[in-house]
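Novice: Next up, data_17.cif (mmCIF, C-alpha atoms and all ligand atoms).
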```cif
data_entry
#
loop_
_atom_site.label_atom_id
_atom_site.label_comp_id
_atom_site.auth_asym_id
_atom_site.auth_seq_id
_atom_site.Cartn_x
_atom_site.Cartn_y
_atom_site.Cartn_z
CA MET A 1 117.05 142.59 -128.67
CA TYR A 2 117.97 144.01 -125.27
CA ASN A 3 116.07 142.70 -122.26
CA PRO A 4 117.18 144.61 -119.16
CA SER A 5 117.63 142.73 -115.92
CA GLU A 6 114.39 142.28 -113.99
CA ASN A 7 116.36 142.99 -110.78
CA ARG A 8 117.83 146.28 -111.96
CA TYR A 9 116.36 148.36 -109.16
CA ASP A 10 117.24 145.97 -106.32
CA ASN A 11 120.65 147.24 -105.23
CA MET A 12 121.09 150.84 -106.39
CA LEU A 13 120.56 153.70 -103.99
CA TYR A 14 118.55 156.68 -105.26
CA ARG A 15 119.09 160.12 -103.77
CA ARG A 16 116.88 163.18 -104.00
CA CYS A 17 118.40 165.86 -106.19
CA GLY A 18 118.34 168.88 -103.87
CA LYS A 19 114.83 170.11 -103.12
CA SER A 20 113.23 168.60 -106.20
CA GLY A 21 111.06 165.66 -107.12
CA LEU A 22 113.85 163.97 -109.06
CA LEU A 23 115.78 161.00 -107.68
CA LEU A 24 119.17 160.19 -109.17
CA PRO A 25 121.13 156.97 -108.78
CA ALA A 26 124.04 157.45 -106.36
CA ILE A 27 126.23 156.32 -109.26
CA SER A 28 125.65 157.81 -112.72
CA LEU A 29 127.45 157.08 -115.99
CA GLY A 30 129.19 159.75 -118.07
CA LEU A 31 129.80 159.42 -121.82
CA TRP A 32 132.71 161.89 -122.10
CA HIS A 33 135.19 159.14 -122.96
CA ASN A 34 134.62 155.76 -124.66
CA PHE A 35 131.61 156.83 -126.75
CA GLY A 36 133.38 158.49 -129.66
CA ASN A 37 134.73 157.02 -132.89
CA ILE A 38 137.73 155.34 -131.21
CA THR A 39 135.60 152.92 -129.15
CA PRO A 40 133.85 149.94 -130.77
CA PHE A 41 130.06 150.25 -130.78
CA CYS A 42 129.69 146.90 -128.99
CA VAL A 43 131.85 148.14 -126.08
CA GLN A 44 129.68 151.25 -125.77
CA GLN A 45 126.57 149.09 -125.83
CA SER A 46 127.81 146.79 -123.10
CA LEU A 47 128.77 149.76 -120.90
CA LEU A 48 125.27 151.25 -121.18
CA ARG A 49 123.53 147.91 -120.72
CA THR A 50 125.68 146.94 -117.72
CA ALA A 51 124.94 150.30 -116.12
CA PHE A 52 121.17 150.11 -116.59
CA ASP A 53 121.02 146.43 -115.61
CA ASN A 54 122.43 147.56 -112.26
CA GLY A 55 120.15 150.49 -111.62
CA ILE A 56 122.22 153.29 -113.17
CA THR A 57 119.37 155.25 -114.69
CA HIS A 58 121.30 158.44 -115.45
CA PHE A 59 123.47 158.92 -118.55
CA ASP A 60 125.34 162.22 -118.90
CA LEU A 61 126.46 163.70 -122.23
CA ALA A 62 127.54 167.06 -123.68
CA ASN A 63 127.42 168.53 -127.18
CA ASN A 64 131.17 168.17 -127.73
CA TYR A 65 131.81 164.69 -126.29
CA GLY A 66 133.57 162.55 -128.86
CA PRO A 67 135.94 162.42 -130.62
CA PRO A 68 135.02 164.12 -132.86
CA TYR A 69 132.70 166.68 -131.27
CA GLY A 70 129.08 165.49 -131.35
CA GLU A 71 130.04 161.83 -131.84
CA ALA A 72 129.01 160.60 -128.36
CA GLU A 73 125.54 162.09 -128.88
CA ARG A 74 125.38 160.69 -132.43
CA ASN A 75 126.31 157.23 -131.15
CA PHE A 76 123.86 157.58 -128.28
CA GLY A 77 121.15 158.31 -130.87
CA ILE A 78 121.87 154.90 -132.44
CA HIS A 79 121.87 153.21 -129.02
CA MET A 80 118.59 154.98 -128.35
CA GLU A 81 116.98 153.39 -131.42
CA ARG A 82 118.44 149.93 -130.78
CA ASP A 83 118.07 149.59 -127.01
CA TRP A 84 116.58 152.47 -125.12
CA ARG A 85 113.38 153.69 -126.80
CA PRO A 86 111.14 151.38 -124.70
CA TYR A 87 112.92 152.53 -121.52
CA ARG A 88 113.01 156.29 -122.17
CA ASP A 89 110.83 157.02 -119.14
CA GLU A 90 113.17 155.01 -116.90
CA LEU A 91 116.14 157.18 -117.90
CA VAL A 92 117.50 160.59 -116.96
CA ILE A 93 119.51 161.84 -119.94
CA SER A 94 121.48 165.06 -119.70
CA THR A 95 123.49 167.16 -122.11
CA LYS A 96 125.35 170.46 -121.99
CA ALA A 97 126.64 173.41 -123.95
CA GLY A 98 129.25 175.96 -122.92
CA TYR A 99 132.57 174.92 -124.45
CA ASP A 100 133.66 175.21 -128.08
CA MET A 101 131.40 173.24 -130.38
CA TRP A 102 131.27 174.78 -133.85
CA LYS A 103 133.19 177.42 -135.75
CA GLY A 104 132.48 181.14 -135.53
CA PRO A 105 131.20 183.39 -132.76
CA TYR A 106 127.97 181.44 -132.03
CA GLY A 107 129.35 177.97 -131.18
CA ASN A 108 130.81 178.62 -127.71
CA HIS A 109 130.30 180.23 -124.28
CA GLY A 110 126.91 181.31 -122.84
CA SER A 111 124.79 183.31 -125.26
CA ARG A 112 121.11 182.56 -125.82
CA LYS A 113 121.99 182.12 -129.51
CA TYR A 114 124.49 179.33 -128.74
CA LEU A 115 122.53 177.50 -126.03
CA MET A 116 119.27 177.35 -127.97
CA ALA A 117 120.91 176.18 -131.22
CA SER A 118 123.14 173.68 -129.43
CA LEU A 119 120.28 172.00 -127.60
CA ASP A 120 118.35 171.64 -130.88
CA GLN A 121 121.41 170.00 -132.45
CA SER A 122 121.87 167.68 -129.45
CA LEU A 123 118.25 166.53 -129.57
CA LYS A 124 118.58 165.70 -133.28
CA ARG A 125 121.83 163.77 -132.76
CA MET A 126 120.38 161.78 -129.84
CA HIS A 127 116.98 161.18 -131.51
CA LEU A 128 115.22 162.68 -128.51
CA ASP A 129 112.26 165.05 -128.12
CA TYR A 130 113.63 166.36 -124.84
CA VAL A 131 116.49 165.88 -122.41
CA ASP A 132 115.87 165.51 -118.72
CA ILE A 133 118.61 167.95 -117.73
CA PHE A 134 120.26 170.66 -119.84
CA TYR A 135 123.39 172.28 -118.40
CA HIS A 136 125.29 175.44 -119.03
CA HIS A 137 128.69 173.72 -119.12
CA ARG A 138 130.88 176.53 -117.73
CA PRO A 139 130.48 180.13 -116.61
CA ASP A 140 130.89 182.82 -119.27
CA PRO A 141 132.18 186.07 -117.77
CA ASP A 142 131.36 188.05 -120.94
CA THR A 143 127.68 187.16 -121.33
CA PRO A 144 125.32 188.74 -118.77
CA ILE A 145 124.20 185.99 -116.39
CA GLU A 146 120.60 187.16 -116.95
CA GLU A 147 120.85 186.22 -120.65
CA THR A 148 122.25 182.74 -119.93
CA MET A 149 119.68 182.07 -117.20
CA GLN A 150 116.84 183.45 -119.34
CA ALA A 151 117.86 180.94 -122.03
CA LEU A 152 117.78 178.09 -119.46
CA HIS A 153 114.41 179.29 -118.15
CA ASP A 154 112.95 179.45 -121.68
CA ILE A 155 114.36 176.02 -122.50
CA VAL A 156 112.42 174.55 -119.56
CA ARG A 157 109.27 176.40 -120.67
CA SER A 158 109.72 175.07 -124.23
CA GLY A 159 109.72 171.48 -122.92
CA LYS A 160 113.05 170.69 -124.59
CA ALA A 161 114.55 170.09 -121.13
CA LEU A 162 112.65 169.10 -118.01
CA TYR A 163 115.26 170.61 -115.68
CA VAL A 164 118.35 172.77 -115.98
CA GLY A 165 121.76 172.80 -114.33
CA ILE A 166 125.13 174.49 -114.33
CA SER A 167 128.64 173.10 -114.29
CA ASN A 168 132.07 174.42 -113.31
CA TYR A 169 130.61 177.57 -111.67
CA ASN A 170 132.35 178.57 -108.42
CA ALA A 171 130.37 179.21 -105.21
CA GLU A 172 129.79 182.91 -105.90
CA GLN A 173 128.86 182.41 -109.57
CA ALA A 174 126.55 179.53 -108.63
CA GLU A 175 124.72 181.60 -106.02
CA ILE A 176 124.09 184.40 -108.52
CA ALA A 177 122.91 181.93 -111.17
CA ILE A 178 120.56 180.17 -108.73
CA LYS A 179 119.01 183.46 -107.57
CA THR A 180 118.70 184.90 -111.08
CA LEU A 181 116.91 181.80 -112.29
CA LYS A 182 114.73 181.68 -109.18
CA ASN A 183 113.56 185.26 -109.86
CA MET A 184 112.41 184.08 -113.29
CA GLY A 185 110.42 181.26 -111.69
CA THR A 186 112.72 178.31 -112.46
CA HIS A 187 114.55 176.26 -109.83
CA LEU A 188 118.11 175.28 -110.71
CA LEU A 189 118.06 171.50 -110.31
CA ILE A 190 121.73 170.63 -110.09
CA HIS A 191 125.35 171.68 -110.25
CA GLN A 192 128.08 169.48 -111.75
CA PRO A 193 131.51 170.30 -110.26
CA ASN A 194 134.79 168.43 -110.45
CA TYR A 195 135.05 166.82 -107.01
CA SER A 196 137.26 164.00 -105.82
CA MET A 197 139.88 163.18 -103.20
CA LEU A 198 142.39 164.89 -105.50
CA ASN A 199 140.27 167.98 -106.19
CA ARG A 200 138.46 169.34 -103.13
CA THR A 201 137.83 172.88 -104.45
CA ALA A 202 134.06 172.32 -104.17
CA GLU A 203 134.49 172.16 -100.37
CA ASN A 204 135.44 175.88 -100.36
CA GLY A 205 131.85 177.11 -100.17
CA LEU A 206 130.26 175.58 -103.26
CA ILE A 207 128.77 172.48 -101.63
CA ASP A 208 127.36 174.66 -98.82
CA VAL A 209 125.74 177.12 -101.25
CA LEU A 210 124.08 174.24 -103.11
CA ALA A 211 122.85 172.63 -99.89
CA ASN A 212 121.45 175.96 -98.64
CA GLU A 213 119.67 176.63 -101.94
CA GLY A 214 118.27 173.11 -102.29
CA VAL A 215 120.31 172.43 -105.43
CA GLY A 216 121.61 168.93 -106.12
CA CYS A 217 125.28 168.18 -106.72
CA ILE A 218 126.73 165.53 -109.02
CA ALA A 219 130.51 165.10 -108.77
CA PHE A 220 132.28 164.64 -112.10
CA SER A 221 135.58 162.77 -112.55
CA PRO A 222 135.25 161.26 -109.04
CA LEU A 223 138.11 158.88 -109.83
CA ALA A 224 140.29 161.64 -111.31
CA GLY A 225 140.06 159.95 -114.69
CA GLY A 226 141.23 156.62 -113.27
CA VAL A 227 144.12 157.82 -111.06
CA LEU A 228 141.96 157.27 -107.96
CA ALA A 229 140.94 153.85 -109.23
CA GLY A 230 144.56 152.80 -108.78
CA ARG A 231 144.87 152.56 -112.57
CA TYR A 232 148.49 153.79 -112.58
CA LEU A 233 149.83 152.09 -109.45
CA GLU A 234 151.55 149.43 -111.53
CA GLY A 235 152.68 151.76 -114.31
CA PHE A 236 151.02 152.90 -117.53
CA SER A 237 149.14 150.06 -119.19
CA ALA A 238 148.36 150.39 -122.89
CA ASP A 239 144.58 150.29 -122.38
CA SER A 240 144.55 153.09 -119.76
CA ARG A 241 143.13 156.52 -120.57
CA ALA A 242 146.50 158.24 -120.23
CA MET A 243 147.90 155.89 -122.88
CA HIS A 244 145.07 155.26 -125.33
CA ASP A 245 143.17 158.59 -125.17
CA PRO A 246 145.34 161.19 -123.44
CA ARG A 247 143.45 164.26 -124.73
CA TYR A 248 142.59 165.36 -121.19
CA LEU A 249 144.74 163.09 -119.01
CA ARG A 250 148.35 163.69 -119.95
CA PRO A 251 150.73 161.00 -118.66
CA GLU A 252 153.00 163.75 -117.29
CA SER A 253 150.14 165.00 -115.05
CA ILE A 254 150.23 161.66 -113.21
CA THR A 255 153.19 162.55 -111.04
CA ASP A 256 155.11 160.38 -108.57
CA GLU A 257 153.64 162.57 -105.83
CA LYS A 258 150.08 161.65 -106.87
CA ILE A 259 150.96 157.99 -107.23
CA ASN A 260 152.46 157.97 -103.71
CA ILE A 261 149.26 159.48 -102.32
CA VAL A 262 147.14 156.90 -104.12
CA ARG A 263 149.43 154.12 -102.90
CA LYS A 264 148.74 155.14 -99.28
CA LEU A 265 145.00 155.49 -99.93
CA ASN A 266 145.01 152.11 -101.61
CA GLU A 267 146.46 150.52 -98.45
CA LEU A 268 143.64 152.02 -96.40
CA ALA A 269 141.07 150.77 -98.94
CA GLY A 270 142.55 147.28 -98.56
CA LYS A 271 142.13 147.49 -94.77
CA ARG A 272 138.50 148.51 -95.32
CA GLY A 273 138.04 145.45 -97.53
CA GLN A 274 137.32 147.40 -100.69
CA THR A 275 139.11 148.56 -103.83
CA MET A 276 140.66 151.98 -104.28
CA ALA A 277 137.88 153.00 -106.71
CA GLN A 278 135.17 151.91 -104.27
CA MET A 279 136.72 153.88 -101.42
CA ALA A 280 137.17 157.00 -103.56
CA LEU A 281 133.47 156.90 -104.53
CA ALA A 282 132.28 156.12 -100.99
CA TRP A 283 134.30 159.05 -99.68
CA ILE A 284 132.47 161.48 -102.02
CA LEU A 285 129.09 159.98 -101.16
CA ARG A 286 129.80 160.31 -97.41
CA THR A 287 127.77 163.52 -97.33
CA GLU A 288 124.13 163.58 -98.41
CA ASN A 289 124.78 166.98 -100.00
CA ILE A 290 126.28 165.04 -102.93
CA THR A 291 123.45 163.54 -104.94
CA SER A 292 125.49 161.30 -107.22
CA VAL A 293 128.99 160.47 -108.44
CA LEU A 294 129.36 160.66 -112.20
CA VAL A 295 131.82 157.97 -113.21
CA GLY A 296 133.29 157.01 -116.54
CA ALA A 297 134.18 153.47 -117.55
CA SER A 298 136.14 151.80 -120.34
CA LYS A 299 135.06 148.27 -119.38
CA PRO A 300 131.78 146.87 -118.00
CA GLU A 301 133.72 145.18 -115.17
CA GLN A 302 134.68 148.63 -113.86
CA ILE A 303 131.00 149.51 -113.49
CA LEU A 304 130.35 146.22 -111.70
CA GLU A 305 133.22 146.97 -109.32
CA ASN A 306 132.13 150.54 -108.70
CA ILE A 307 128.52 149.75 -107.81
CA LYS A 308 129.78 147.58 -104.96
CA VAL A 309 130.67 150.85 -103.18
CA PHE A 310 127.54 150.35 -101.05
CA GLU A 311 129.01 147.26 -99.43
CA ASN A 312 131.13 149.60 -97.28
CA ALA A 313 130.12 153.24 -97.62
CA GLU A 314 130.59 154.27 -93.97
CA PHE A 315 133.79 155.88 -92.63
CA SER A 316 134.92 156.13 -89.01
CA ASP A 317 136.22 159.51 -87.81
CA GLU A 318 139.69 157.93 -87.61
CA GLU A 319 139.54 156.81 -91.24
CA LEU A 320 138.41 160.26 -92.40
CA ALA A 321 141.25 161.85 -90.43
CA GLU A 322 143.74 159.43 -91.95
CA ILE A 323 142.49 160.27 -95.45
CA ASP A 324 142.84 164.00 -94.73
CA LEU A 325 146.36 163.38 -93.50
CA ILE A 326 147.30 161.42 -96.63
CA LEU A 327 145.76 164.16 -98.82
CA GLY A 328 147.67 166.85 -96.89
CA LYS A 329 144.51 168.56 -95.58
N1 LIG A 401 131.03 169.09 -116.54
C1 LIG A 401 132.27 168.93 -116.94
O1 LIG A 401 132.98 169.90 -117.25
C2 LIG A 401 132.82 167.54 -116.99
C3 LIG A 401 134.22 167.34 -117.15
C4 LIG A 401 134.67 166.02 -117.13
C5 LIG A 401 133.79 164.95 -116.97
N2 LIG A 401 132.45 165.20 -116.85
C6 LIG A 401 131.48 164.10 -116.71
O2 LIG A 401 131.95 163.16 -115.76
C7 LIG A 401 131.99 161.87 -116.36
C8 LIG A 401 133.06 161.04 -115.75
O3 LIG A 401 134.33 161.65 -115.96
P1 LIG A 401 135.60 160.74 -115.97
O4 LIG A 401 135.47 159.71 -117.06
O5 LIG A 401 136.79 161.61 -115.93
O6 LIG A 401 135.38 159.99 -114.55
P2 LIG A 401 136.25 159.10 -113.59
O7 LIG A 401 135.25 158.17 -113.00
O8 LIG A 401 137.06 159.96 -112.72
O9 LIG A 401 137.25 158.30 -114.54
C9 LIG A 401 136.78 157.25 -115.33
C10 LIG A 401 137.93 156.35 -115.74
O10 LIG A 401 138.51 155.72 -114.59
C11 LIG A 401 138.85 154.39 -114.90
N3 LIG A 401 138.05 153.52 -114.03
C12 LIG A 401 136.75 153.66 -113.66
N4 LIG A 401 136.37 152.69 -112.80
C13 LIG A 401 137.48 151.92 -112.62
C14 LIG A 401 137.74 150.77 -111.86
N5 LIG A 401 136.81 150.22 -111.08
N6 LIG A 401 138.99 150.23 -111.92
C15 LIG A 401 139.96 150.78 -112.69
N7 LIG A 401 139.77 151.88 -113.45
C16 LIG A 401 138.53 152.45 -113.41
C17 LIG A 401 138.56 154.18 -116.38
O11 LIG A 401 139.73 154.60 -117.06
P3 LIG A 401 140.51 153.72 -118.14
O12 LIG A 401 140.10 154.25 -119.46
O13 LIG A 401 141.95 154.00 -117.83
O14 LIG A 401 140.12 152.28 -117.94
C18 LIG A 401 137.47 155.21 -116.62
O15 LIG A 401 137.35 155.58 -117.96
C19 LIG A 401 132.20 162.17 -117.85
O16 LIG A 401 131.85 161.09 -118.68
C20 LIG A 401 131.27 163.35 -118.01
O17 LIG A 401 129.94 162.90 -118.11
C21 LIG A 401 131.98 166.46 -116.84
#
```
Would you write the structure of this file as structure tokens?
Specialist:
Amino acid sequence: MYNPSENRYDNMLYRRCGKSGLLLPAISLGLWHNFGNITPFCVQQSLLRTAFDNGITHFDLANNYGPPYGEAERNFGIHMERDWRPYRDELVISTKAGYDMWKGPYGNHGSRKYLMASLDQSLKRMHLDYVDIFYHHRPDPDTPIEETMQALHDIVRSGKALYVGISNYNAEQAEIAIKTLKNMGTHLLIHQPNYSMLNRTAENGLIDVLANEGVGCIAFSPLAGGVLAGRYLEGFSADSRAMHDPRYLRPESITDEKINIVRKLNELAGKRGQTMAQMALAWILRTENITSVLVGASKPEQILENIKVFENAEFSDEELAEIDLILGK
């Protein structure tokens, strides 16, 4: 039987998610990798338990996380029964739909038909009555935004999700989505963009739109899948993502140029008395407009390392300028 740490809320920082009543941990855990059928159940369990024992109250899923699609939610349903049922009200659980999930014209994109059916399937797989946050996973240029937002609005009204969010929308698309939903009477809680030292696209207007509209922002892949954790500074180890599960992190995408950048950043992290991963997370959390960083982990020790980000989360102007210089900004 799982007995969570009594001290689990002592060291985590909780940040308000935009203009809402919901607080999210500054570090959240994503189940994109390491929760499918290629990861032992006991490893998954220790990742979730380590996270919660240290105040990480937010677990993020999507319909097609696996492998195979649906498997992370199916496994989470088993974890739910074994560990989490008594702590449901201490957790913020999210899922998404928007990418390919099942065959035929109704298992992808942004139609009402797809979103409604997908959420029902996710709830069954996870053994939940509701999720805390349901996301539209990516913009769909072919479905009228009114239809997608109406589906999100109705999902909140149905009680199957307490809040709704969007992911991978650019600044302009996000602004339209936020306003469309607002006109229906629902506040968009959160946006989930890719944001890290190696991907600063969100700085081109998106973060400002979200701040102006009172929408929270949770940065996904803040460690660029491990590259910004210094995972590849000493070469490609067999247990790294690029080697053991390279579906979305191809070894050839980890170029010498990127490694050289990380090497320089890593030196600065050393001077700051922290690890590369800790500095990469602190750098994202430097602005309060980011509610949370959504990390992945293959080992519990990585979570324990990452939560120590708060030991040095401040940057001097000189350090920020040096980072910009290294990143070529
Ligand atoms: N909305 C979207 O479209 C979208 C897309 C992608 C991700 N996401 C969300 O974001 C979450 C996180 O994505 P991600 O897994 O790519 O995040 P990430 O935090 O950038 O990468 C996680 C990986 O970095 C390595 N790592 C983490 N901490 C480390 C440490 N302290 N030392 C060394 N290595 C460390 C591990 O890789 P190894 O396996 O090499 O150990 C870990 O699996 C996902 O689970 C998902 O919830 C959303």
Novice: Please return, as a list in words, all polymer residues that have at least one atom within 12 Å of the point (135.2, 175.9, -104.1); use only C-alpha atoms and the file's own coordinate frame.
Specialist: Asn168, Tyr169, Asn170, Ala171, Glu172, Gln173, Ala174, Pro193, Asn194, Tyr195, Asn199, Arg200, Thr201, Ala202, Glu203, Asn204, Gly205, Leu206, Ile207, Asp208, Val209 and Leu210 of chain A
Novice: Would you place a box with edges along x, y and z of the file around all atoms of stretch 279-293 of chain A listed there, add 4 Å to each of its six sides, and report the centre and edge lengths in Å to one decimal, as AutoDock Vina command-line options?
Specialist:
```
--center_x 130.3 --center_y 160.4 --center_z -102.9 --size_x 21.7 --size_y 21.1 --size_z 19.1
```
Novice: Could you list, as a PDB file with C-alpha atoms, in the frame of the given file, all residues that come within 7 Å of ligand LIG 401 (chain A)? Count only C-alpha atoms and all ligand atoms.
Specialist:
```pdb
ATOM      1  CA  LEU A  29     127.450 157.080-115.990  1.00  0.00           C
ATOM      2  CA  GLY A  30     129.190 159.750-118.070  1.00  0.00           C
ATOM      3  CA  LEU A  31     129.800 159.420-121.820  1.00  0.00           C
ATOM      4  CA  TRP A  32     132.710 161.890-122.100  1.00  0.00           C
ATOM      5  CA  HIS A  33     135.190 159.140-122.960  1.00  0.00           C
ATOM      6  CA  ASP A  60     125.340 162.220-118.900  1.00  0.00           C
ATOM      7  CA  LEU A  61     126.460 163.700-122.230  1.00  0.00           C
ATOM      8  CA  HIS A 137     128.690 173.720-119.120  1.00  0.00           C
ATOM      9  CA  ARG A 138     130.880 176.530-117.730  1.00  0.00           C
ATOM     10  CA  SER A 167     128.640 173.100-114.290  1.00  0.00           C
ATOM     11  CA  ASN A 168     132.070 174.420-113.310  1.00  0.00           C
ATOM     12  CA  GLN A 192     128.080 169.480-111.750  1.00  0.00           C
ATOM     13  CA  PRO A 193     131.510 170.300-110.260  1.00  0.00           C
ATOM     14  CA  ASN A 194     134.790 168.430-110.450  1.00  0.00           C
ATOM     15  CA  PHE A 220     132.280 164.640-112.100  1.00  0.00           C
ATOM     16  CA  SER A 221     135.580 162.770-112.550  1.00  0.00           C
ATOM     17  CA  PRO A 222     135.250 161.260-109.040  1.00  0.00           C
ATOM     18  CA  LEU A 223     138.110 158.880-109.830  1.00  0.00           C
ATOM     19  CA  ALA A 224     140.290 161.640-111.310  1.00  0.00           C
ATOM     20  CA  GLY A 225     140.060 159.950-114.690  1.00  0.00           C
ATOM     21  CA  GLY A 226     141.230 156.620-113.270  1.00  0.00           C
ATOM     22  CA  VAL A 227     144.120 157.820-111.060  1.00  0.00           C
ATOM     23  CA  ALA A 229     140.940 153.850-109.230  1.00  0.00           C
ATOM     24  CA  GLY A 230     144.560 152.800-108.780  1.00  0.00           C
ATOM     25  CA  ARG A 231     144.870 152.560-112.570  1.00  0.00           C
ATOM     26  CA  ASP A 239     144.580 150.290-122.380  1.00  0.00           C
ATOM     27  CA  SER A 240     144.550 153.090-119.760  1.00  0.00           C
ATOM     28  CA  ARG A 241     143.130 156.520-120.570  1.00  0.00           C
ATOM     29  CA  ALA A 242     146.500 158.240-120.230  1.00  0.00           C
ATOM     30  CA  ALA A 277     137.880 153.000-106.710  1.00  0.00           C
ATOM     31  CA  LEU A 294     129.360 160.660-112.200  1.00  0.00           C
ATOM     32  CA  VAL A 295     131.820 157.970-113.210  1.00  0.00           C
ATOM     33  CA  GLY A 296     133.290 157.010-116.540  1.00  0.00           C
ATOM     34  CA  ALA A 297     134.180 153.470-117.550  1.00  0.00           C
ATOM     35  CA  SER A 298     136.140 151.800-120.340  1.00  0.00           C
ATOM     36  CA  LYS A 299     135.060 148.270-119.380  1.00  0.00           C
ATOM     37  CA  GLN A 302     134.680 148.630-113.860  1.00  0.00           C
ATOM     38  CA  ILE A 303     131.000 149.510-113.490  1.00  0.00           C
ATOM     39  CA  GLU A 305     133.220 146.970-109.320  1.00  0.00           C
ATOM     40  CA  ASN A 306     132.130 150.540-108.700  1.00  0.00           C
TER      41      ASN A 306
END
```
Novice: Which of these, A:Leu47, A:Ile93, A:Ile145, A:Leu265, has the shortest distance to A:Val131 once you count only C-alpha atoms?
Specialist: A:Ile93
Novice: So how far away is atom CA of A:Phe134 from atom CA of A:Cys217, in Å?
Specialist: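 Atom CA of A:Phe134 lies 14.3 Å from atom CA of A:Cys217.
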Novice: Considering all atoms listed in the file, return as a count of residues only whatever protein or nucleic-acid residues lie within 12 Å of A:Leu162, sequence-local ones (same chain, fewer than 6 positions apart) excluded.
Specialist: 23
Novice: Neighbours of A:Ser111 within 9 Å (only C-alpha atoms; same-chain residues fewer than 5 positions away dropped), as a VMD selection string?
Specialist: chain A and resid 98 106 116 140 143 to 144 147 to 148 151
Novice: Selected residues, C-alpha atoms, written as an mmCIF file, in the frame of the given file, please.
Specialist:
```cif
data_model
loop_
_atom_site.group_PDB
_atom_site.id
_atom_site.type_symbol
_atom_site.label_atom_id
_atom_site.label_comp_id
_atom_site.auth_asym_id
_atom_site.auth_seq_id
_atom_site.Cartn_x
_atom_site.Cartn_y
_atom_site.Cartn_z
ATOM 1 C CA GLY A 98 129.250 175.960 -122.920
ATOM 2 C CA TYR A 106 127.970 181.440 -132.030
ATOM 3 C CA MET A 116 119.270 177.350 -127.970
ATOM 4 C CA ASP A 140 130.890 182.820 -119.270
ATOM 5 C CA THR A 143 127.680 187.160 -121.330
ATOM 6 C CA PRO A 144 125.320 188.740 -118.770
ATOM 7 C CA GLU A 147 120.850 186.220 -120.650
ATOM 8 C CA THR A 148 122.250 182.740 -119.930
ATOM 9 C CA ALA A 151 117.860 180.940 -122.030
#
```
Novice: Ranking A:Arg82, A:His136, A:Arg286, A:Arg49 by minimum distance to A:Asn63 and counting only C-alpha atoms, which one comes first?
Specialist: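 Checking each candidate against A:Asn63, we get A:His136 as the closest.
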Novice: Calculate how many Å separate atom CA of A:Arg263 from atom CA of A:Glu319, rounding to one decimal.
Specialist: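 Computing it gives 15.5 Å between the two atoms.
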Novice: What is the atom CA of A:Met279-atom CA of A:Ala313 distance in Å, reported with one decimal?
Specialist: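 Computing it gives 7.6 Å between the two atoms.
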Novice: Tell me which protein, DNA and RNA residues are within 10 Å of A:Arg15, counting only C-alpha atoms, leaving out same-chain ones fewer than 3 positions away, and put them as a PyMOL selection string.
Specialist: chain A and resi 12+18+22-27+216+288-292
Novice: With only C-alpha atoms as the atoms that count, which of A:Ala269, A:Leu285, A:Met276, A:Leu115 lies nearest to A:Glu322?
Specialist: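 Among the listed residues, the smallest separation from A:Glu322 belongs to A:Ala269.
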Novice: Taking into account all atoms listed in the file, which residue in the set A:Ile326, A:Ala282, A:Ile166, A:Ala219 is nearest to A:Ile307?
Specialist: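 Going through A:Ile326, A:Ala282, A:Ile166, A:Ala219 one by one, the smallest distance to A:Ile307 is for A:Ala282.
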Novice: Give the answer as one residue: which of A:Glu311, A:Lys19, A:Asp317, A:Gly107 has the shortest atom-to-atom distance to A:Asn212, using all atoms listed in the file?
Specialist: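 That would be A:Lys19, the residue with the smallest distance to A:Asn212.
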Novice: For A:Glu301, which of A:Asn34, A:His244, A:Leu281, A:Thr50 is the closest residue, counting only C-alpha atoms?
Specialist: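 Smallest distance to A:Glu301 is found for A:Thr50.
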Novice: From the block you just saw, export stretch 124-132 of chain A: N, CA and C atoms, as a PDB file, in the first residue's frame.
Specialist:
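Writing done, so here's result02.pdb:
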```
ATOM      1  N   LYS A 124     -12.599   6.373 -19.520  1.00  0.00           N
ATOM      2  CA  LYS A 124     -12.723   4.915 -19.280  1.00  0.00           C
ATOM      3  C   LYS A 124     -11.356   4.298 -19.045  1.00  0.00           C
ATOM      4  N   ARG A 125     -10.379   4.645 -19.909  1.00  0.00           N
ATOM      5  CA  ARG A 125      -9.043   4.050 -19.757  1.00  0.00           C
ATOM      6  C   ARG A 125      -8.431   4.416 -18.415  1.00  0.00           C
ATOM      7  N   MET A 126      -8.649   5.662 -17.966  1.00  0.00           N
ATOM      8  CA  MET A 126      -7.989   6.124 -16.725  1.00  0.00           C
ATOM      9  C   MET A 126      -8.812   5.839 -15.474  1.00  0.00           C
ATOM     10  N   HIS A 127     -10.004   5.238 -15.644  1.00  0.00           N
ATOM     11  CA  HIS A 127     -10.896   4.952 -14.509  1.00  0.00           C
ATOM     12  C   HIS A 127     -11.236   6.234 -13.748  1.00  0.00           C
ATOM     13  N   LEU A 128     -11.553   7.271 -14.501  1.00  0.00           N
ATOM     14  CA  LEU A 128     -11.886   8.557 -13.882  1.00  0.00           C
ATOM     15  C   LEU A 128     -13.299   8.975 -14.265  1.00  0.00           C
ATOM     16  N   ASP A 129     -13.935   9.760 -13.387  1.00  0.00           N
ATOM     17  CA  ASP A 129     -15.238  10.362 -13.716  1.00  0.00           C
ATOM     18  C   ASP A 129     -15.042  11.668 -14.472  1.00  0.00           C
ATOM     19  N   TYR A 130     -13.914  12.312 -14.203  1.00  0.00           N
ATOM     20  CA  TYR A 130     -13.641  13.609 -14.843  1.00  0.00           C
ATOM     21  C   TYR A 130     -12.135  13.816 -14.891  1.00  0.00           C
ATOM     22  N   VAL A 131     -11.674  14.642 -15.828  1.00  0.00           N
ATOM     23  CA  VAL A 131     -10.286  15.121 -15.748  1.00  0.00           C
ATOM     24  C   VAL A 131     -10.329  16.563 -15.262  1.00  0.00           C
ATOM     25  N   ASP A 132      -9.208  17.005 -14.739  1.00  0.00           N
ATOM     26  CA  ASP A 132      -9.162  18.396 -14.280  1.00  0.00           C
ATOM     27  C   ASP A 132      -9.019  19.351 -15.464  1.00  0.00           C
TER      28      ASP A 132
END
```
